[in-house]
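final.txt (compact mmCIF, N, CA, C and O atoms) appears below.
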# COMPACT_ATOMS: atom_id res chain seq x y z
N MET A 1 0.83 -1.18 0.00
CA MET A 1 0.00 0.00 0.00
C MET A 1 0.88 1.24 0.00
O MET A 1 1.92 1.27 0.62
N LYS A 2 0.40 2.26 -0.69
CA LYS A 2 1.19 3.47 -0.81
C LYS A 2 1.08 4.36 0.43
O LYS A 2 2.06 4.89 0.91
N TYR A 3 -0.12 4.51 0.96
CA TYR A 3 -0.34 5.36 2.12
C TYR A 3 -1.01 4.57 3.24
O TYR A 3 -1.77 3.64 2.98
N HIS A 4 -0.76 4.98 4.48
CA HIS A 4 -1.38 4.30 5.62
C HIS A 4 -2.88 4.50 5.64
O HIS A 4 -3.62 3.64 6.12
N GLU A 5 -3.34 5.64 5.10
CA GLU A 5 -4.78 5.90 5.07
C GLU A 5 -5.50 4.95 4.12
O GLU A 5 -6.71 4.76 4.24
N ASP A 6 -4.79 4.37 3.16
CA ASP A 6 -5.39 3.42 2.23
C ASP A 6 -5.57 2.04 2.85
O ASP A 6 -6.35 1.23 2.37
N VAL A 7 -4.85 1.74 3.92
CA VAL A 7 -4.92 0.42 4.56
C VAL A 7 -6.16 0.34 5.44
O VAL A 7 -6.98 -0.58 5.29
N LEU A 8 -6.32 1.29 6.35
CA LEU A 8 -7.47 1.29 7.27
C LEU A 8 -8.62 2.04 6.61
O LEU A 8 -8.48 3.20 6.23
N ILE A 9 -9.77 1.38 6.51
CA ILE A 9 -10.94 2.03 5.89
C ILE A 9 -11.79 2.72 6.95
O ILE A 9 -12.08 3.90 6.85
N GLU A 10 -12.18 1.97 7.98
CA GLU A 10 -13.00 2.56 9.05
C GLU A 10 -12.98 1.63 10.25
O GLU A 10 -12.71 0.44 10.13
N PRO A 11 -13.24 2.17 11.45
CA PRO A 11 -13.36 1.31 12.63
C PRO A 11 -14.69 0.57 12.61
O PRO A 11 -15.68 1.06 12.04
N VAL A 12 -14.72 -0.60 13.20
CA VAL A 12 -15.96 -1.36 13.31
C VAL A 12 -16.55 -1.07 14.68
O VAL A 12 -15.91 -1.29 15.71
N LEU A 13 -17.77 -0.55 14.70
CA LEU A 13 -18.43 -0.20 15.95
C LEU A 13 -19.63 -1.12 16.14
O LEU A 13 -20.67 -0.94 15.54
N SER A 14 -19.44 -2.15 16.95
CA SER A 14 -20.50 -3.10 17.23
C SER A 14 -20.36 -3.53 18.69
O SER A 14 -19.38 -3.19 19.36
N GLU A 15 -21.33 -4.28 19.17
CA GLU A 15 -21.28 -4.74 20.56
C GLU A 15 -20.09 -5.66 20.79
O GLU A 15 -19.43 -5.58 21.82
N LYS A 16 -19.83 -6.54 19.83
CA LYS A 16 -18.69 -7.45 19.97
C LYS A 16 -17.38 -6.68 19.96
O LYS A 16 -16.45 -6.99 20.71
N ALA A 17 -17.28 -5.67 19.10
CA ALA A 17 -16.07 -4.86 19.04
C ALA A 17 -15.88 -4.08 20.34
O ALA A 17 -14.75 -3.90 20.81
N ASN A 18 -16.97 -3.63 20.96
CA ASN A 18 -16.89 -2.93 22.24
C ASN A 18 -16.38 -3.86 23.34
O ASN A 18 -15.61 -3.44 24.21
N GLN A 19 -16.80 -5.11 23.33
CA GLN A 19 -16.32 -6.08 24.32
C GLN A 19 -14.84 -6.37 24.11
O GLN A 19 -14.08 -6.50 25.08
N LEU A 20 -14.41 -6.45 22.86
CA LEU A 20 -13.00 -6.69 22.57
C LEU A 20 -12.14 -5.49 23.00
O LEU A 20 -11.00 -5.66 23.44
N ARG A 21 -12.69 -4.28 22.87
CA ARG A 21 -11.94 -3.08 23.25
C ARG A 21 -11.58 -3.10 24.73
O ARG A 21 -10.53 -2.59 25.12
N GLU A 22 -12.43 -3.69 25.56
CA GLU A 22 -12.13 -3.79 26.98
C GLU A 22 -10.92 -4.68 27.24
O GLU A 22 -10.26 -4.57 28.26
N GLN A 23 -10.61 -5.57 26.28
CA GLN A 23 -9.45 -6.46 26.40
C GLN A 23 -8.21 -5.86 25.72
O GLN A 23 -7.18 -6.50 25.62
N GLY A 24 -8.34 -4.64 25.20
CA GLY A 24 -7.23 -3.99 24.52
C GLY A 24 -7.12 -4.35 23.06
O GLY A 24 -6.07 -4.20 22.45
N LYS A 25 -8.23 -4.83 22.47
CA LYS A 25 -8.25 -5.20 21.05
C LYS A 25 -9.17 -4.24 20.30
O LYS A 25 -10.28 -3.99 20.75
N TYR A 26 -8.69 -3.74 19.17
CA TYR A 26 -9.45 -2.78 18.37
C TYR A 26 -9.73 -3.38 17.01
O TYR A 26 -8.86 -4.01 16.40
N VAL A 27 -10.95 -3.18 16.50
CA VAL A 27 -11.40 -3.81 15.26
C VAL A 27 -11.52 -2.75 14.16
O VAL A 27 -12.11 -1.69 14.38
N PHE A 28 -10.96 -3.06 13.00
CA PHE A 28 -10.98 -2.15 11.85
C PHE A 28 -11.43 -2.88 10.61
O PHE A 28 -11.16 -4.07 10.44
N LYS A 29 -12.11 -2.16 9.72
CA LYS A 29 -12.37 -2.64 8.37
C LYS A 29 -11.17 -2.18 7.55
O LYS A 29 -10.83 -0.99 7.55
N VAL A 30 -10.50 -3.12 6.87
CA VAL A 30 -9.27 -2.80 6.16
C VAL A 30 -9.38 -3.17 4.68
O VAL A 30 -10.30 -3.90 4.28
N ASN A 31 -8.43 -2.72 3.90
CA ASN A 31 -8.35 -3.04 2.48
C ASN A 31 -8.16 -4.54 2.31
O ASN A 31 -7.41 -5.17 3.05
N LEU A 32 -8.82 -5.13 1.33
CA LEU A 32 -8.72 -6.57 1.09
C LEU A 32 -7.29 -7.02 0.78
O LEU A 32 -6.91 -8.15 1.09
N LYS A 33 -6.48 -6.15 0.20
CA LYS A 33 -5.12 -6.51 -0.18
C LYS A 33 -4.09 -6.22 0.91
O LYS A 33 -2.91 -6.52 0.75
N ALA A 34 -4.51 -5.64 2.03
CA ALA A 34 -3.59 -5.27 3.10
C ALA A 34 -3.08 -6.51 3.82
O ALA A 34 -3.83 -7.45 4.07
N THR A 35 -1.80 -6.51 4.18
CA THR A 35 -1.20 -7.61 4.92
C THR A 35 -1.12 -7.25 6.40
O THR A 35 -1.27 -6.08 6.77
N LYS A 36 -0.85 -8.25 7.25
CA LYS A 36 -0.77 -8.00 8.68
C LYS A 36 0.32 -6.98 9.04
O LYS A 36 0.07 -6.08 9.84
N PRO A 37 1.54 -7.10 8.49
CA PRO A 37 2.55 -6.07 8.81
C PRO A 37 2.13 -4.67 8.36
O PRO A 37 2.40 -3.69 9.07
N GLU A 38 1.47 -4.54 7.23
CA GLU A 38 1.00 -3.24 6.77
C GLU A 38 -0.05 -2.67 7.71
O GLU A 38 -0.06 -1.47 8.00
N ILE A 39 -0.95 -3.53 8.20
CA ILE A 39 -2.00 -3.08 9.12
C ILE A 39 -1.38 -2.61 10.43
O ILE A 39 -1.73 -1.55 10.95
N LYS A 40 -0.43 -3.38 10.97
CA LYS A 40 0.22 -2.99 12.22
C LYS A 40 0.96 -1.67 12.06
O LYS A 40 0.89 -0.81 12.94
N GLU A 41 1.64 -1.49 10.94
CA GLU A 41 2.38 -0.26 10.70
C GLU A 41 1.44 0.93 10.56
O GLU A 41 1.69 2.02 11.09
N ALA A 42 0.31 0.74 9.87
CA ALA A 42 -0.66 1.81 9.68
C ALA A 42 -1.26 2.24 11.02
O ALA A 42 -1.38 3.44 11.30
N VAL A 43 -1.63 1.28 11.87
CA VAL A 43 -2.19 1.60 13.19
C VAL A 43 -1.14 2.33 14.03
O VAL A 43 -1.43 3.31 14.71
N SER A 44 0.10 1.87 13.95
CA SER A 44 1.18 2.49 14.71
C SER A 44 1.40 3.94 14.29
O SER A 44 1.51 4.83 15.14
N LYS A 45 1.45 4.20 12.99
CA LYS A 45 1.72 5.55 12.50
C LYS A 45 0.53 6.49 12.69
O LYS A 45 0.71 7.65 13.06
N LEU A 46 -0.69 6.00 12.43
CA LEU A 46 -1.86 6.88 12.48
C LEU A 46 -2.30 7.21 13.91
O LEU A 46 -2.79 8.30 14.17
N PHE A 47 -2.16 6.25 14.84
CA PHE A 47 -2.67 6.46 16.20
C PHE A 47 -1.57 6.58 17.24
O PHE A 47 -1.86 6.70 18.43
N ASN A 48 -0.30 6.50 16.83
CA ASN A 48 0.84 6.64 17.75
C ASN A 48 0.81 5.62 18.88
O ASN A 48 0.92 5.98 20.06
N VAL A 49 0.60 4.35 18.54
CA VAL A 49 0.59 3.25 19.51
C VAL A 49 1.53 2.16 18.99
O VAL A 49 2.06 2.25 17.88
N HIS A 50 1.75 1.12 19.80
CA HIS A 50 2.64 0.02 19.43
C HIS A 50 1.88 -1.30 19.46
O HIS A 50 1.80 -1.95 20.50
N PRO A 51 1.31 -1.74 18.33
CA PRO A 51 0.53 -2.98 18.29
C PRO A 51 1.38 -4.21 18.62
O PRO A 51 2.53 -4.31 18.20
N ILE A 52 0.78 -5.14 19.36
CA ILE A 52 1.45 -6.39 19.70
C ILE A 52 1.19 -7.43 18.61
O ILE A 52 2.11 -8.08 18.13
N SER A 53 -0.08 -7.57 18.22
CA SER A 53 -0.43 -8.58 17.22
C SER A 53 -1.59 -8.09 16.38
O SER A 53 -2.26 -7.12 16.71
N CYS A 54 -1.81 -8.82 15.28
CA CYS A 54 -2.89 -8.48 14.36
C CYS A 54 -3.50 -9.78 13.84
O CYS A 54 -2.78 -10.67 13.39
N THR A 55 -4.81 -9.89 13.93
CA THR A 55 -5.53 -11.03 13.41
C THR A 55 -6.45 -10.53 12.31
O THR A 55 -7.12 -9.52 12.48
N THR A 56 -6.47 -11.22 11.17
CA THR A 56 -7.31 -10.78 10.07
C THR A 56 -8.27 -11.90 9.66
O THR A 56 -7.98 -13.08 9.87
N MET A 57 -9.39 -11.50 9.08
CA MET A 57 -10.35 -12.45 8.55
C MET A 57 -11.13 -11.78 7.43
O MET A 57 -11.31 -10.56 7.45
N ILE A 58 -11.57 -12.57 6.47
CA ILE A 58 -12.39 -12.04 5.39
C ILE A 58 -13.85 -12.37 5.70
O ILE A 58 -14.20 -13.53 5.90
N VAL A 59 -14.66 -11.33 5.77
CA VAL A 59 -16.08 -11.48 6.07
C VAL A 59 -16.82 -11.60 4.73
O VAL A 59 -16.71 -10.72 3.88
N GLY A 60 -17.53 -12.68 4.57
CA GLY A 60 -18.23 -12.93 3.31
C GLY A 60 -19.42 -12.02 3.13
O GLY A 60 -20.04 -11.57 4.09
N GLY A 61 -19.74 -11.73 1.87
CA GLY A 61 -20.89 -10.89 1.55
C GLY A 61 -22.20 -11.60 1.86
O GLY A 61 -22.30 -12.81 1.78
N LYS A 62 -23.20 -10.82 2.19
CA LYS A 62 -24.51 -11.39 2.52
C LYS A 62 -25.41 -11.37 1.29
O LYS A 62 -25.32 -10.48 0.46
N PRO A 63 -26.30 -12.35 1.19
CA PRO A 63 -27.23 -12.33 0.06
C PRO A 63 -28.24 -11.19 0.21
O PRO A 63 -28.78 -10.97 1.28
N LYS A 64 -28.45 -10.47 -0.86
CA LYS A 64 -29.41 -9.36 -0.87
C LYS A 64 -30.29 -9.49 -2.11
O LYS A 64 -29.96 -10.21 -3.05
N ARG A 65 -31.39 -8.75 -2.11
CA ARG A 65 -32.30 -8.80 -3.24
C ARG A 65 -32.79 -7.39 -3.54
O ARG A 65 -33.16 -6.65 -2.64
N LEU A 66 -32.80 -7.04 -4.81
CA LEU A 66 -33.34 -5.75 -5.24
C LEU A 66 -34.40 -6.05 -6.28
O LEU A 66 -34.09 -6.52 -7.37
N ARG A 67 -35.63 -5.84 -5.92
CA ARG A 67 -36.78 -6.23 -6.75
C ARG A 67 -36.70 -7.72 -7.06
O ARG A 67 -36.81 -8.54 -6.19
N TYR A 68 -36.45 -8.07 -8.32
CA TYR A 68 -36.45 -9.48 -8.69
C TYR A 68 -35.05 -10.03 -8.92
O TYR A 68 -34.89 -11.15 -9.37
N ARG A 69 -34.05 -9.24 -8.65
CA ARG A 69 -32.67 -9.67 -8.89
C ARG A 69 -32.01 -10.09 -7.59
O ARG A 69 -32.11 -9.40 -6.58
N LYS A 70 -31.32 -11.21 -7.64
CA LYS A 70 -30.57 -11.68 -6.48
C LYS A 70 -29.12 -11.25 -6.63
O LYS A 70 -28.60 -11.16 -7.73
N GLY A 71 -28.49 -10.99 -5.50
CA GLY A 71 -27.09 -10.60 -5.52
C GLY A 71 -26.48 -10.73 -4.14
O GLY A 71 -27.11 -11.26 -3.21
N TYR A 72 -25.26 -10.28 -4.00
CA TYR A 72 -24.55 -10.34 -2.74
C TYR A 72 -23.86 -9.01 -2.48
O TYR A 72 -23.46 -8.33 -3.42
N THR A 73 -23.70 -8.66 -1.20
CA THR A 73 -22.87 -7.51 -0.87
C THR A 73 -21.42 -7.95 -1.01
O THR A 73 -21.11 -9.14 -1.04
N SER A 74 -20.51 -7.02 -1.07
CA SER A 74 -19.10 -7.33 -1.28
C SER A 74 -18.49 -7.97 -0.04
O SER A 74 -18.89 -7.68 1.10
N ASN A 75 -17.48 -8.82 -0.27
CA ASN A 75 -16.67 -9.33 0.83
C ASN A 75 -15.83 -8.18 1.37
O ASN A 75 -15.49 -7.25 0.64
N TRP A 76 -15.45 -8.25 2.65
CA TRP A 76 -14.57 -7.25 3.23
C TRP A 76 -13.67 -7.90 4.26
O TRP A 76 -13.94 -8.99 4.75
N LYS A 77 -12.57 -7.23 4.55
CA LYS A 77 -11.57 -7.78 5.46
C LYS A 77 -11.62 -7.06 6.79
O LYS A 77 -11.70 -5.83 6.85
N LYS A 78 -11.61 -7.85 7.87
CA LYS A 78 -11.65 -7.31 9.22
C LYS A 78 -10.32 -7.60 9.90
O LYS A 78 -9.78 -8.70 9.76
N ALA A 79 -9.79 -6.62 10.62
CA ALA A 79 -8.54 -6.80 11.36
C ALA A 79 -8.77 -6.48 12.82
O ALA A 79 -9.40 -5.47 13.15
N ILE A 80 -8.28 -7.36 13.69
CA ILE A 80 -8.33 -7.14 15.13
C ILE A 80 -6.90 -6.90 15.59
O ILE A 80 -6.05 -7.78 15.49
N VAL A 81 -6.63 -5.69 16.09
CA VAL A 81 -5.29 -5.29 16.49
C VAL A 81 -5.22 -5.25 18.01
O VAL A 81 -6.04 -4.58 18.65
N LYS A 82 -4.25 -5.96 18.58
CA LYS A 82 -4.09 -6.00 20.04
C LYS A 82 -2.99 -5.02 20.45
O LYS A 82 -1.92 -4.99 19.84
N LEU A 83 -3.30 -4.21 21.47
CA LEU A 83 -2.36 -3.23 21.99
C LEU A 83 -1.92 -3.61 23.40
O LEU A 83 -2.62 -4.36 24.09
N PRO A 84 -0.78 -3.07 23.87
CA PRO A 84 -0.38 -3.30 25.26
C PRO A 84 -1.41 -2.71 26.23
O PRO A 84 -2.18 -1.83 25.86
N LYS A 85 -1.41 -3.19 27.46
CA LYS A 85 -2.43 -2.77 28.44
C LYS A 85 -2.40 -1.28 28.73
O LYS A 85 -3.43 -0.69 29.02
N ASP A 86 -1.23 -0.65 28.66
CA ASP A 86 -1.14 0.77 29.02
C ASP A 86 -1.45 1.72 27.86
O ASP A 86 -1.46 2.93 28.05
N GLU A 87 -1.73 1.19 26.66
CA GLU A 87 -2.02 2.04 25.51
C GLU A 87 -3.47 1.92 25.08
O GLU A 87 -4.06 0.85 25.17
N LYS A 88 -4.02 3.05 24.62
CA LYS A 88 -5.40 3.08 24.10
C LYS A 88 -5.44 3.99 22.90
O LYS A 88 -4.59 4.87 22.74
N ILE A 89 -6.46 3.81 22.07
CA ILE A 89 -6.69 4.70 20.94
C ILE A 89 -7.80 5.66 21.36
O ILE A 89 -8.91 5.25 21.64
N ALA A 90 -7.46 6.95 21.39
CA ALA A 90 -8.36 7.95 21.95
C ALA A 90 -9.66 8.09 21.18
O ALA A 90 -10.71 8.37 21.75
N ILE A 91 -9.63 7.86 19.87
CA ILE A 91 -10.83 8.03 19.04
C ILE A 91 -11.94 7.06 19.50
O ILE A 91 -13.10 7.43 19.57
N PHE A 92 -11.56 5.85 19.85
CA PHE A 92 -12.55 4.85 20.28
C PHE A 92 -13.10 5.17 21.66
O PHE A 92 -14.24 4.86 21.96
N GLU A 93 -12.31 5.75 22.51
CA GLU A 93 -12.74 5.99 23.88
C GLU A 93 -13.82 7.05 23.97
O GLU A 93 -14.59 7.08 24.90
N GLY A 94 -13.92 7.94 22.98
CA GLY A 94 -14.94 8.98 22.99
C GLY A 94 -16.28 8.49 22.48
O GLY A 94 -17.29 9.16 22.61
N VAL A 95 -16.32 7.27 21.89
CA VAL A 95 -17.55 6.75 21.30
C VAL A 95 -18.46 6.21 22.37
O VAL A 95 -18.08 5.66 23.33
Could you render the structure from this file as structure tokens?
Amino acid sequence: MKYHEDVLIEPVLSEKANQLREQGKYVFKVNLKATKPEIKEAVSKLFNVHPISCTTMIVGGKPKRLRYRKGYTSNWKKAIVKLPKDEKIAIFEGV
């Protein structure tokens, strides 16, 4: 990836993500082509923290219907980034 802003798309704000945040894990929607080292580097540079680990998974698209046509939403990649206990990302704490 050329820029760190291209790696992270948006934070995932859900009940499960809120529970993980209490354990020091933050969930992001990331670019499908992003690798774990790129994700860790992007989080480190953008939020000024030191990630310990990164877990990624591809979330499959859901079936949808528009009138009489069947289709699917796009697949997307989710990354769970673990931080040390003494570090937090301030943007999430205000939510």
Here is a test: counting all atoms listed in the file, which residue of A:Ala79, A:Leu66, A:Ala34, A:Ala90 is nearest to Glu10 of chain A?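 With all atoms listed in the file as the atom set, the closest residue is A:Ala79.
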Among listed residues A:Lys33, A:Lys85, A:Lys25, A:Glu15, nearest Met1 of chain A (using only N, CA, C and O atoms):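 So, comparing all the options, the nearest one is A:Lys33.
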Just want the 12 Å neighbourhood of Leu13 of chain A, counted on only C-alpha atoms, with same-chain residues fewer than 2 positions away dropped. Output as a list of chain:residue names.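 In the requested format, the answer is A:Glu10, A:Pro11, A:Glu15, A:Lys16, A:Ala17, A:Asn18, A:Gln19, A:Leu20, A:Arg21, A:Tyr26, A:Val27, A:Phe28, A:Lys29, A:Lys78, A:Ile91, A:Phe92, A:Glu93, A:Val95.
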One number please: atom CA of Met57 of chain A to atom CA of Trp76 of chain A, in Å, one decimal.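 Separation of atom CA of Met57 of chain A and atom CA of Trp76 of chain A: 8.6 Å.
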Determine, counting only C-alpha atoms, which protein, DNA and RNA residues have an atom within 9 Å of an atom of Thr56 of chain A; residues of the same chain fewer than 3 positions away are not included. Present the result as a ChimeraX atom specification. /A:35-36,77-81
Save out the residues we just selected, N, CA, C and O atoms, as a compact mmCIF listing (two decimals), in the coordinates of the input.
# COMPACT_ATOMS: atom_id res chain seq x y z
N THR A 35 -1.80 -6.51 4.18
CA THR A 35 -1.20 -7.61 4.92
C THR A 35 -1.12 -7.25 6.40
O THR A 35 -1.27 -6.08 6.77
N LYS A 36 -0.85 -8.25 7.25
CA LYS A 36 -0.77 -8.00 8.68
C LYS A 36 0.32 -6.98 9.04
O LYS A 36 0.07 -6.08 9.84
N LYS A 77 -12.57 -7.23 4.55
CA LYS A 77 -11.57 -7.78 5.46
C LYS A 77 -11.62 -7.06 6.79
O LYS A 77 -11.70 -5.83 6.85
N LYS A 78 -11.61 -7.85 7.87
CA LYS A 78 -11.65 -7.31 9.22
C LYS A 78 -10.32 -7.60 9.90
O LYS A 78 -9.78 -8.70 9.76
N ALA A 79 -9.79 -6.62 10.62
CA ALA A 79 -8.54 -6.80 11.36
C ALA A 79 -8.77 -6.48 12.82
O ALA A 79 -9.40 -5.47 13.15
N ILE A 80 -8.28 -7.36 13.69
CA ILE A 80 -8.33 -7.14 15.13
C ILE A 80 -6.90 -6.90 15.59
O ILE A 80 -6.05 -7.78 15.49
N VAL A 81 -6.63 -5.69 16.09
CA VAL A 81 -5.29 -5.29 16.49
C VAL A 81 -5.22 -5.25 18.01
O VAL A 81 -6.04 -4.58 18.65
Just the number, please: distance in Å from atom O of Asn75 of chain A to atom C of Leu32 of chain A, one decimal.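 So the two atoms, atom O of Asn75 of chain A and atom C of Leu32 of chain A, lie 8.2 Å apart.
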One decimal, in Å: what's the spacing between atom CA of Ser14 of chain A and atom CA of Val59 of chain A? 14.6 Å
Excluding Ile9 of chain A and residues on its chain fewer than 3 positions from it, collect all residues at most 6 Å away from it, counting only N, CA, C and O atoms, and give them as an MDAnalysis selection string. chainID A and resid 5:6 29:31
Nearest to Leu8 of chain A by atom-to-atom distance, counting all atoms listed in the file, from A:Pro51, A:Ala42, A:Glu22, A:Gly61: A:Ala42
Using DSSP secondary structure from the backbone, list all strand (DSSP E or B) positions within chain A, as a ChimeraX atom specification. /A:8-11,25-30,53-59,63-66,69-72,76-82
Between A:Ile58, A:Val49, A:Val12, A:Ile39, which one has atoms that come closest to Lys88 of chain A, using all atoms listed in the file?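 Looking only at the distances to Lys88 of chain A, the closest residue turns out to be A:Val49.
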When you count only C-alpha atoms, which of these residues is closest to Pro37 of chain A: A:Ile89, A:Cys54, A:Tyr72, A:Lys64?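 Counting only C-alpha atoms, the residue closest to Pro37 of chain A is A:Cys54.
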Surrounding residues of His50 of chain A excluding itself and chain neighbours under 2 positions, 8 Å, only C-alpha atoms, as a list in words: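 Skipping anything fewer than 2 positions along the chain leaves Ser44, Asn48, Ile52, Leu83, Pro84 and Glu87 of chain A.
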Complete the atom set of segment 61-70 of chain A to all heavy atoms and return it as a JSON list (two decimals), in the frame of the given file.
[["chain", "number", "residue", "atom", "x", "y", "z"],
["A", 61, "GLY", "N", -19.74, -11.73, 1.87],
["A", 61, "GLY", "CA", -20.89, -10.89, 1.55],
["A", 61, "GLY", "C", -22.20, -11.60, 1.86],
["A", 61, "GLY", "O", -22.30, -12.81, 1.78],
["A", 62, "LYS", "N", -23.20, -10.82, 2.19],
["A", 62, "LYS", "CA", -24.51, -11.39, 2.52],
["A", 62, "LYS", "C", -25.41, -11.37, 1.29],
["A", 62, "LYS", "O", -25.32, -10.48, 0.46],
["A", 62, "LYS", "CB", -25.17, -10.55, 3.62],
["A", 62, "LYS", "CG", -24.43, -10.58, 4.93],
["A", 62, "LYS", "CD", -25.17, -9.74, 5.95],
["A", 62, "LYS", "CE", -24.45, -9.78, 7.28],
["A", 62, "LYS", "NZ", -25.13, -8.96, 8.28],
["A", 63, "PRO", "N", -26.30, -12.35, 1.19],
["A", 63, "PRO", "CA", -27.23, -12.33, 0.06],
["A", 63, "PRO", "C", -28.24, -11.19, 0.21],
["A", 63, "PRO", "O", -28.78, -10.97, 1.28],
["A", 63, "PRO", "CB", -27.91, -13.69, 0.12],
["A", 63, "PRO", "CG", -27.68, -14.20, 1.48],
["A", 63, "PRO", "CD", -26.45, -13.54, 2.00],
["A", 64, "LYS", "N", -28.45, -10.47, -0.86],
["A", 64, "LYS", "CA", -29.41, -9.36, -0.87],
["A", 64, "LYS", "C", -30.29, -9.49, -2.11],
["A", 64, "LYS", "O", -29.96, -10.21, -3.05],
["A", 64, "LYS", "CB", -28.68, -8.01, -0.92],
["A", 64, "LYS", "CG", -27.85, -7.72, 0.32],
["A", 64, "LYS", "CD", -28.71, -7.44, 1.50],
["A", 64, "LYS", "CE", -27.85, -7.15, 2.73],
["A", 64, "LYS", "NZ", -28.63, -6.89, 3.90],
["A", 65, "ARG", "N", -31.39, -8.75, -2.11],
["A", 65, "ARG", "CA", -32.30, -8.80, -3.24],
["A", 65, "ARG", "C", -32.79, -7.39, -3.54],
["A", 65, "ARG", "O", -33.16, -6.65, -2.64],
["A", 65, "ARG", "CB", -33.49, -9.70, -2.88],
["A", 65, "ARG", "CG", -34.14, -10.35, -4.06],
["A", 65, "ARG", "CD", -35.24, -11.24, -3.61],
["A", 65, "ARG", "NE", -36.39, -10.38, -3.30],
["A", 65, "ARG", "CZ", -37.47, -10.81, -2.67],
["A", 65, "ARG", "NH1", -37.54, -12.04, -2.26],
["A", 65, "ARG", "NH2", -38.46, -9.99, -2.46],
["A", 66, "LEU", "N", -32.80, -7.04, -4.81],
["A", 66, "LEU", "CA", -33.34, -5.75, -5.24],
["A", 66, "LEU", "C", -34.40, -6.05, -6.28],
["A", 66, "LEU", "O", -34.09, -6.52, -7.37],
["A", 66, "LEU", "CB", -32.23, -4.86, -5.82],
["A", 66, "LEU", "CG", -32.68, -3.50, -6.31],
["A", 66, "LEU", "CD1", -33.23, -2.68, -5.15],
["A", 66, "LEU", "CD2", -31.54, -2.77, -6.97],
["A", 67, "ARG", "N", -35.63, -5.84, -5.92],
["A", 67, "ARG", "CA", -36.78, -6.23, -6.75],
["A", 67, "ARG", "C", -36.70, -7.72, -7.06],
["A", 67, "ARG", "O", -36.81, -8.54, -6.19],
["A", 67, "ARG", "CB", -36.87, -5.38, -8.00],
["A", 67, "ARG", "CG", -37.11, -3.92, -7.65],
["A", 67, "ARG", "CD", -37.78, -3.22, -8.76],
["A", 67, "ARG", "NE", -38.01, -1.84, -8.37],
["A", 67, "ARG", "CZ", -39.15, -1.24, -8.55],
["A", 67, "ARG", "NH1", -40.15, -1.87, -9.10],
["A", 67, "ARG", "NH2", -39.30, 0.00, -8.18],
["A", 68, "TYR", "N", -36.45, -8.07, -8.32],
["A", 68, "TYR", "CA", -36.45, -9.48, -8.69],
["A", 68, "TYR", "C", -35.05, -10.03, -8.92],
["A", 68, "TYR", "O", -34.89, -11.15, -9.37],
["A", 68, "TYR", "CB", -37.31, -9.68, -9.95],
["A", 68, "TYR", "CG", -38.69, -9.12, -9.76],
["A", 68, "TYR", "CD1", -39.09, -7.97, -10.41],
["A", 68, "TYR", "CD2", -39.58, -9.74, -8.90],
["A", 68, "TYR", "CE1", -40.35, -7.44, -10.23],
["A", 68, "TYR", "CE2", -40.85, -9.21, -8.70],
["A", 68, "TYR", "CZ", -41.23, -8.07, -9.37],
["A", 68, "TYR", "OH", -42.48, -7.56, -9.17],
["A", 69, "ARG", "N", -34.05, -9.24, -8.65],
["A", 69, "ARG", "CA", -32.67, -9.67, -8.89],
["A", 69, "ARG", "C", -32.01, -10.09, -7.59],
["A", 69, "ARG", "O", -32.11, -9.40, -6.58],
["A", 69, "ARG", "CB", -31.86, -8.54, -9.50],
["A", 69, "ARG", "CG", -32.36, -8.13, -10.86],
["A", 69, "ARG", "CD", -31.57, -6.92, -11.34],
["A", 69, "ARG", "NE", -32.12, -6.44, -12.59],
["A", 69, "ARG", "CZ", -31.51, -6.59, -13.74],
["A", 69, "ARG", "NH1", -30.35, -7.20, -13.82],
["A", 69, "ARG", "NH2", -32.06, -6.11, -14.84],
["A", 70, "LYS", "N", -31.32, -11.21, -7.64],
["A", 70, "LYS", "CA", -30.57, -11.68, -6.48],
["A", 70, "LYS", "C", -29.12, -11.25, -6.63],
["A", 70, "LYS", "O", -28.60, -11.16, -7.73],
["A", 70, "LYS", "CB", -30.65, -13.20, -6.37],
["A", 70, "LYS", "CG", -32.01, -13.70, -6.02],
["A", 70, "LYS", "CD", -32.00, -15.19, -5.84],
["A", 70, "LYS", "CE", -33.39, -15.70, -5.49],
["A", 70, "LYS", "NZ", -33.41, -17.14, -5.33]]
